[in-house]
Amino acid sequence: MISRRDLLALSPLAFASCARSQEAYFGNTRPPQAQRLTLVLEGEPESLDPAIPNGMLDPLILSLFEALTSLHPVTGRPMASLATHYETTADALRYTFFLRGHPAPRGVRLPGTASLPQEYSRGRSEPDPAIRARWSDGRYITAADFVFGWQRLLDPATAAIRAFLLYVVRNGRAVNAGKAPPSSLAVRALDDLTLEVDLEEPASYFLELVSNRITSAVPEHLIRAAGPRWTEPGVMISSGAFKLRSRRPYDSVIIERNPMYYDAAQVALSQITFLVPRENATTVNLYRAGAVSAVQPMLPAILPVLRRKKDFHPQPLYASSFIAMNTTAPPFDDVRVRYAFNMATDKQPVRELLDAGNMPATSVIPPGASYQPARSLPVEVGGREYDVLAFNPEAAREILRATGKPLPARIELFSGNNNTQDLLWAQVLRDQWRQNLGVETDLVLVDFPTWVNTMSNGGYRHVSTAGTSASYLDPVWFLDLFTEHEGYGTHWRDPLYNTMVAEVKRTTEPGLRIQRLMECERRLLRAMPVMPQDYWVNGLLVKPYVRGLGNNLLDREPLKYVWIDTNWRPT
């Protein structure tokens, strides 16, 4: 196994950090004297189009564009955004949204700024819902901007990697597959301020889903006039609290307060700079020097030191990681082998060494959303009963002997995150499988886009690192991953499982729905196309003078509430 001494030796920052381990905060805590914030992106933005990039750019995109709802910065529950009210039909298959400025909104009023703690509202009143929302060029935002945006998202020509999120809208899947025109999508502008949506099945999470940046209104008039140039500085317009000021590829993106924003009085920050650093060590050094105000340190070696700092904040997420297995290729085409590898993997050392408090996982579904995942699963193998979710190397070897087939001398572990944390994770797995199963592991490292493409069709040889962060607070997100054609890259298919998940989606009674979710989960775990590893916890460094930065399970905190306490001093 990798020792803690070996881990600490991997980081050039470790010794300097440990030397100051008794300091209360990590680095410079002198607040700036202006309401200007500097943050760090995880990578160079592929695009600023809300339909295009992956979830790593959510803080930036959601500062520029708004959707029908937003998420409470702490609870993650839906709040008013460009819609202030909604109503549903008795069968929960039709939603009608009433946009800001609607003269006679009906149904349920979404919570607004008044529902926020003082930390976020700063005592300010919420905007008058009778005031219409505008684009930053002064034009009114209309329901037609949502219709255009959703149709454009699902149009195959857009190639939006998260278009599947709108498959819940009637005809969404057919449109995205090119089997129906975008105009057939069941979303309609009844007038400038009323949007009607029909769903394929009830979706209790729909109000959370329509806070996702891919569902944002987009400016049809600009996109049609400017084409691909519409996201460039000097051309782009925004609906959100901020607008684009400048962008330097592989360096920075700067946004500034949008004076046309309907809730501009709530926005304290005048400017946010997003840096695009090239190395994790650079990011941590920038934070330590005070050049950036919040980062997610990706250097496992110094996490033991950072955990003791007042500005280090563990942030649980509704997310999990796991090892996907190619269920069509030996030896992982035998479910007993999949059981054995899971039972031969102790997840606790990995989490203790490498993460910010991640919890060892027994299931793909993390705890949360009023649901507790399975902790054990008795399965009969060779006439004996085993808990296939437990760490039990001896039982794992018994199960392998029961198969009557030897393991290959070497297996391949495919990984698309070439960073220190994932390299160490892979080394721990390799050491455990060698010790507990007598098998050697070859690590195959590729860049992230290659990993995505390979995982989408299950093109790896044996096993692969994998994981998911939910887009809404509902366990069905995790179950749904395995209903698609390739079973989230594992080639696992189970028509009965798909039927069971579809039944969960149609179930609206809470108690019965929980029961059916549990049945689906146990069927998935009994097949075990993936080995659960851990439930994610983000380790965040946040300067103590930064206020109003939320902490919710979906990791989507509106930056409109953030402000800098220029008078902060250590106590």
# chains A, B, ... in the order shown; residues from 1 in each chain; ligands from 1

call {"tool": "residues_around", "arguments": {"residues": "stretch 428-436 of chain A", "least_positions_apart": "5", "cutoff": "9 Å", "atoms": "only C-alpha atoms", "output": "tab-separated table (two decimals) with N, CA, C and O atoms, in the first residue's frame"}}
result
chain	number	residue	atom	x	y	z
A	1	MET	N	0.84	-1.20	0.00
A	1	MET	CA	0.00	0.00	0.00
A	1	MET	C	0.88	1.26	0.00
A	1	MET	O	2.01	1.25	0.49
A	2	ILE	N	0.35	2.37	-0.52
A	2	ILE	CA	1.09	3.62	-0.52
A	2	ILE	C	1.08	4.21	0.88
A	2	ILE	O	0.03	4.30	1.52
A	341	PHE	N	-14.13	-8.61	-7.13
A	341	PHE	CA	-13.32	-7.39	-7.16
A	341	PHE	C	-13.88	-6.33	-6.22
A	341	PHE	O	-13.12	-5.61	-5.56
A	344	ALA	N	-12.95	-7.26	-2.71
A	344	ALA	CA	-11.50	-7.20	-2.48
A	344	ALA	C	-10.99	-5.77	-2.42
A	344	ALA	O	-9.78	-5.55	-2.31
A	345	THR	N	-11.88	-4.79	-2.49
A	345	THR	CA	-11.49	-3.38	-2.53
A	345	THR	C	-11.93	-2.68	-1.25
A	345	THR	O	-13.13	-2.54	-0.98
A	346	ASP	N	-10.96	-2.27	-0.46
A	346	ASP	CA	-11.23	-1.49	0.75
A	346	ASP	C	-11.24	-0.01	0.35
A	346	ASP	O	-10.22	0.55	-0.01
A	347	LYS	N	-12.40	0.61	0.41
A	347	LYS	CA	-12.53	1.99	-0.04
A	347	LYS	C	-12.06	3.02	0.99
A	347	LYS	O	-11.75	4.15	0.64
A	349	PRO	N	-9.21	3.41	2.91
A	349	PRO	CA	-7.87	4.03	2.79
A	349	PRO	C	-7.77	5.04	1.65
A	349	PRO	O	-7.08	6.05	1.77
A	350	VAL	N	-8.46	4.76	0.55
A	350	VAL	CA	-8.42	5.68	-0.58
A	350	VAL	C	-8.98	7.04	-0.17
A	350	VAL	O	-8.41	8.09	-0.44
A	393	PRO	N	-11.87	-9.76	1.66
A	393	PRO	CA	-10.96	-10.38	0.69
A	393	PRO	C	-11.01	-11.90	0.70
A	393	PRO	O	-10.92	-12.54	-0.36
A	394	GLU	N	-11.12	-12.50	1.88
A	394	GLU	CA	-11.15	-13.96	1.94
A	394	GLU	C	-12.36	-14.51	1.20
A	394	GLU	O	-12.25	-15.47	0.42
A	396	ALA	N	-13.92	-12.97	-1.14
A	396	ALA	CA	-13.70	-12.67	-2.56
A	396	ALA	C	-12.92	-13.79	-3.23
A	396	ALA	O	-13.25	-14.22	-4.35
A	397	ARG	N	-11.90	-14.28	-2.54
A	397	ARG	CA	-11.10	-15.38	-3.11
A	397	ARG	C	-11.91	-16.67	-3.18
A	397	ARG	O	-11.77	-17.45	-4.15
A	413	LEU	N	-6.75	-0.88	-16.23
A	413	LEU	CA	-7.58	0.15	-15.60
A	413	LEU	C	-7.47	1.41	-16.44
A	413	LEU	O	-6.40	2.01	-16.54
A	423	LEU	N	-4.29	9.42	-10.05
A	423	LEU	CA	-3.14	8.51	-10.15
A	423	LEU	C	-2.94	7.75	-8.84
A	423	LEU	O	-2.68	6.55	-8.83
A	441	THR	N	-2.25	-4.92	-12.36
A	441	THR	CA	-3.09	-3.93	-13.03
A	441	THR	C	-2.23	-2.97	-13.83
A	441	THR	O	-1.28	-2.38	-13.30
A	442	ASP	N	-2.57	-2.79	-15.11
A	442	ASP	CA	-1.90	-1.80	-15.96
A	442	ASP	C	-2.79	-0.57	-16.08
A	442	ASP	O	-3.96	-0.67	-16.45
A	443	LEU	N	-2.24	0.59	-15.76
A	443	LEU	CA	-2.99	1.84	-15.83
A	443	LEU	C	-2.88	2.44	-17.22
A	443	LEU	O	-1.78	2.66	-17.73

call {"tool": "residues_around", "arguments": {"residues": "stretch 518-526 of chain A", "least_positions_apart": "2", "cutoff": "12 Å", "atoms": "only C-alpha atoms", "output": "PyMOL selection string"}}
result
chain A and resi 335-336+338-339+342+362-366+371-381+386-389+475-483+487+492-505+511-516+528-532

call {"tool": "atom_distance", "arguments": {"atom1": "atom CA of A:Ala24", "atom2": "atom CA of A:Gly290"}}
result
14.9 Å

call {"tool": "residues_around", "arguments": {"residues": "A:Thr403", "least_positions_apart": "4", "cutoff": "9 Å", "atoms": "only C-alpha atoms", "output": "PyMOL selection string"}}
result
chain A and resi 334+336-337+382+398-399

call {"tool": "residues_around", "arguments": {"residues": "A:Ala177", "least_positions_apart": "3", "cutoff": "7 Å", "atoms": "only C-alpha atoms", "output": "list in words"}}
result
Pro156, Arg173 and Ala174 of chain A

call {"tool": "select_by_dssp", "arguments": {"residues": "stretch 428-516 of chain A", "states": "alpha helix (DSSP H)", "output": "JSON, numbers by chain"}}
result
{"A": [428, 429, 430, 431, 432, 433, 434, 435, 436, 437, 448, 449, 450, 451, 452, 453, 454, 455, 456, 476, 477, 478, 479, 480, 495, 496, 497, 498, 499, 500, 501, 502, 503, 504, 505, 506, 510, 511, 512, 513, 514, 515, 516]}

call {"tool": "closest_residue", "arguments": {"among": "A:Asp474, A:Val147, A:Leu60, A:Leu317", "to": "A:Thr38", "atoms": "only C-alpha atoms"}}
result
A:Leu60

call {"tool": "residues_around", "arguments": {"residues": "A:Ser293", "least_positions_apart": "6", "cutoff": "10 Å", "atoms": "only C-alpha atoms", "output": "PyMOL selection string"}}
result
chain A and resi 28-29+31-32+36-40+286-287+541-546+564

call {"tool": "write_last_selection", "arguments": {"atoms": "N, CA and C atoms", "output": "compact mmCIF listing (two decimals), in the first residue's frame"}}
result
# COMPACT_ATOMS: atom_id res chain seq x y z
N ASN A 28 -2.55 34.42 2.62
CA ASN A 28 -2.93 35.82 2.79
C ASN A 28 -4.45 35.96 2.97
N THR A 29 -4.86 36.70 4.00
CA THR A 29 -6.30 36.91 4.24
C THR A 29 -6.66 38.39 4.20
N PRO A 31 -8.37 41.43 2.87
CA PRO A 31 -9.44 41.59 1.88
C PRO A 31 -9.15 42.71 0.89
N PRO A 32 -9.59 42.55 -0.35
CA PRO A 32 -9.47 43.65 -1.31
C PRO A 32 -10.41 44.78 -0.90
N ARG A 36 -14.47 43.16 -6.17
CA ARG A 36 -13.98 42.40 -7.31
C ARG A 36 -13.49 41.05 -6.82
N LEU A 37 -13.96 40.00 -7.46
CA LEU A 37 -13.67 38.63 -7.03
C LEU A 37 -12.86 37.93 -8.12
N THR A 38 -11.90 37.12 -7.70
CA THR A 38 -11.13 36.33 -8.65
C THR A 38 -11.28 34.86 -8.28
N LEU A 39 -11.70 34.05 -9.25
CA LEU A 39 -11.92 32.62 -9.07
C LEU A 39 -11.11 31.86 -10.12
N VAL A 40 -11.20 30.53 -10.04
CA VAL A 40 -10.43 29.69 -10.96
C VAL A 40 -11.36 28.72 -11.66
N LEU A 286 -1.68 30.59 -6.06
CA LEU A 286 -2.42 31.82 -6.27
C LEU A 286 -3.34 32.11 -5.09
N TYR A 287 -3.98 31.07 -4.59
CA TYR A 287 -4.85 31.25 -3.43
C TYR A 287 -4.04 31.67 -2.21
N LEU A 541 -11.22 25.81 -0.58
CA LEU A 541 -10.56 26.88 0.14
C LEU A 541 -11.26 28.18 -0.22
N VAL A 542 -11.81 28.87 0.76
CA VAL A 542 -12.54 30.12 0.54
C VAL A 542 -12.02 31.17 1.51
N LYS A 543 -11.59 32.29 1.00
CA LYS A 543 -11.09 33.36 1.86
C LYS A 543 -12.18 33.80 2.84
N PRO A 544 -11.80 34.10 4.07
CA PRO A 544 -12.81 34.41 5.09
C PRO A 544 -13.57 35.70 4.83
N TYR A 545 -13.07 36.55 3.96
CA TYR A 545 -13.78 37.79 3.66
C TYR A 545 -14.81 37.61 2.53
N VAL A 546 -14.86 36.43 1.92
CA VAL A 546 -15.86 36.17 0.88
C VAL A 546 -17.15 35.73 1.55
N ILE A 564 -17.90 40.89 -0.87
CA ILE A 564 -16.63 40.91 -0.16
C ILE A 564 -16.75 41.81 1.05

call {"tool": "residues_around", "arguments": {"residues": "A:Tyr460", "least_positions_apart": "3", "cutoff": "12 Å", "atoms": "only C-alpha atoms", "output": "ChimeraX atom specification"}}
result
/A:323-329,411-416,443-446,450-457,463-466,489-491

call {"tool": "closest_residue", "arguments": {"among": "A:Val305, A:Val197, A:Leu437, A:Leu244", "to": "A:Tyr25", "atoms": "only C-alpha atoms"}}
result
A:Val305

call {"tool": "atom_distance", "arguments": {"atom1": "atom CA of A:Gln271", "atom2": "atom CA of A:Glu256"}}
result
4.3 Å

call {"tool": "residues_around", "arguments": {"residues": "stretch 225-232 of chain A", "least_positions_apart": "4", "cutoff": "9 Å", "atoms": "only C-alpha atoms", "output": "PyMOL selection string"}}
result
chain A and resi 47-49+220-221+236-237+244+246-247

call {"tool": "atom_distance", "arguments": {"atom1": "atom CA of A:Gly172", "atom2": "atom CA of A:Glu486"}}
result
19.6 Å

call {"tool": "closest_residue", "arguments": {"among": "A:Arg152, A:Lys243, A:Arg307, A:Arg248", "to": "A:Pro45", "atoms": "only C-alpha atoms"}}
result
A:Arg248

call {"tool": "closest_residue", "arguments": {"among": "A:Tyr488, A:Ala203, A:Gly112, A:Leu275", "to": "A:Arg124", "atoms": "only C-alpha atoms"}}
result
A:Gly112

call {"tool": "closest_residue", "arguments": {"among": "A:Arg569, A:Arg245, A:Lys309, A:Arg134", "to": "A:Tyr261", "atoms": "only C-alpha atoms"}}
result
A:Arg134
